[in-house]
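Here is the structure we will look at.
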Amino acid sequence: MGRSPEEMMKEGVVLAERTTIGLGGKARLFAQCESLDELRSVITYAARNHIRFMLLGGGSNVIFPDEGFDGLVIGVCMKGYRFEPVAQGILLDAVAGEEWDPLVSEAVTKGFAGIECLSGIPGLVGATPIQNVGAYGQEVADTIRSVEAIDLRSMKDVQFSNMDCQFSYRQSRFKVVDKDRFVITRVTFLLHPEGKPSLAYPELRKQIESRHPGSVDLGTVRQTVLALRRGKSMVLDPADPNCRSVGSFFMNPIVSGEFFETLQRDLSRSAAPAEIPSFPGPANTVKIPAAWFVEHSGFRKGFR
């Protein structure tokens, strides 16, 4: 038996201390749930008492206002994971409250490929399917096998296959059509023992080829990704004041091939022709970094 909701409730918890940006006032009520039973009981308690609530994981995509949150903040802190060999590879079954990057590190150490390029990303496992977390040529949609959740409409446990999740670029059903309907409790990933590391992303591939010519292992890819992220203040580090952020919140635009060609043609005629960084997308589309658009709109890094 877990604790009762009344036993878990705290008043006036400072929310700034629970977010990566370090901003925000106090929560009127706060409950940190360490088991699925506790999570279910707290949500039920809030619903019965008509208390506004929100869930908080690693706090890397949240900015609370200075006046705080006039309701109940539920901290997701359920732990547990296991690696299990299956015919197709290795299943990584992880509870939503597990911290993401240590799991990536362990998978890489064990030689299990599939999430090595997602090193250094802050947050918890439960958040990864929501926006189909991705970086450096990989995204969790590549490896997620199933997602378990609580349906807030019925309070029943439900399970989604990879296809059920309706993944697309930084999107899923949990972020769009079913936003705020489900509380993700567990995610299962299919990894590959002795798999080759992913070098699909040009910036990463260039760094690897220049520093580690020849064969490369998963550990080298992880360390290179961490170095690239650290160079952009994208690794949580108390010694780096610039890492106080909510991460990268621009989605890279995906444009048609025709639009991309027109843009290239127009730029070639300009007074200062510029090469457009791009990556192939599905169905004759092209992905262009949002940062390139921002800078070429006149807003350089450091603009205030």
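Starting from 1 in every chain, residues are counted up; chains themselves are A, B, ... following the order of the structure tokens, and ligands are numbered from 1 as listed.
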Please identify all polymer residues within 12 Å of Ser233 (chain A), counting only C-alpha atoms, omitting same-chain residues fewer than 3 positions from it, and present them as a list in words.
->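 Close residues of Ser233 (chain A): Gly120, Ile121, Leu226, Ala227, Leu228, Arg229, Arg230, Leu236, Asp237, Pro238, Ala239, Asp240, Pro241, Asn242, Cys243, Arg244, Ser245, Val246, Gly247 and Ser248 of chain A.
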Counting only C-alpha atoms, what is within 9 Å of Val140 (chain A), bar same-chain residues fewer than 6 positions away, as a list in words?
-> Gly114, Ile115, Leu118, Thr128, Pro129, Asn132, Val133, Gly134 and Phe189 of chain A
What's the 12 Å shell around region 1-5 of chain A, counting only C-alpha atoms, without same-chain residues fewer than 6 positions away, as a PyMOL selection string?
-> chain A and resi 29-46+48-49+72+74+78
Name the residues in contact with Ile144 (chain A) at a cut-off of 12 Å, using only C-alpha atoms, excluding same-chain residues fewer than 6 positions from it; report them as number ranges by chain.
-> A: 90-94, 114-115, 125-126, 128-130, 132-133, 138, 160-167, 186-191
Compile the contact shell of Arg28 (chain A) as a PyMOL selection string: residues with an atom at most 7 Å away, counting only C-alpha atoms, same-chain residues fewer than 2 positions apart removed.
-> chain A and resi 11-12+26+30+69-72
With only C-alpha atoms as the atoms that count, which of A:Gly97, A:Leu218, A:Gly231, A:Pro289 lies nearest to Pro193 (chain A)?
->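 Of A:Gly97, A:Leu218, A:Gly231, A:Pro289, the one nearest Pro193 (chain A) is A:Leu218, counting only C-alpha atoms.
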Spatial neighbours of region 293-298 of chain A, max dist 10 Å, only C-alpha atoms, sep filter under 6 positions, as a VMD selection string | chain A and resid 250 252 to 253 274 276
Close residues, Val225 (chain A) itself excluded, 10 Å, only C-alpha atoms, min 6 positions apart in chain, as a ChimeraX atom specification = /A:116-120,135-136,203-204,207-208,219,231
Store the residues of this selection in a file with C-alpha atoms, as a short mmCIF file (atom, residue, chain, number, x, y, z; two decimals), in the first residue's frame.
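Result saved to selection.cif:
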```
data_model
loop_
_atom_site.label_atom_id
_atom_site.label_comp_id
_atom_site.auth_asym_id
_atom_site.auth_seq_id
_atom_site.Cartn_x
_atom_site.Cartn_y
_atom_site.Cartn_z
CA GLU A 116 23.00 6.79 -28.58
CA CYS A 117 22.40 10.07 -30.45
CA LEU A 118 19.82 11.06 -27.82
CA SER A 119 22.54 11.47 -25.20
CA GLY A 120 22.49 14.49 -22.91
CA ALA A 135 18.35 14.80 -31.89
CA TYR A 136 21.29 14.27 -34.23
CA GLU A 203 27.20 17.79 -38.09
CA LEU A 204 27.71 14.64 -36.03
CA GLN A 207 32.83 15.59 -36.17
CA ILE A 208 33.22 11.81 -36.02
CA GLY A 219 30.58 5.20 -26.86
CA GLY A 231 29.39 23.47 -26.81
#
```
Find the distance between CA of Phe249 (chain A) and CA of Asp178 (chain A) and write it in Å to one decimal.
-> 20.5 Å
Would you mind telling me which residue in A:Glu84, A:Pro277, A:Glu98, A:Phe303 lies nearest to Gln264 (chain A) when using only C-alpha atoms?
-> A:Pro277
Interatomic distance between CA of Pro202 (chain A) and CA of Pro280 (chain A)?
->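 Between CA of Pro202 (chain A) and CA of Pro280 (chain A) the gap works out to 11.5 Å.
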So which bits of region 5-117 of chain A end up strand (DSSP E) when you DSSP the backbone, as a count of residues only?
-> 37
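Nearest residue to Gly58 (chain A) among A:Met155, A:Ala291, A:Ala271, A:Leu15 is A:Leu15, counting only C-alpha atoms.
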Go through region 96-289 of chain A and collect every residue that DSSP, computed from the backbone, puts in alpha helix (DSSP H); the answer should be as number ranges by chain.
-> A: 100-109, 202-211, 218-231, 257-268
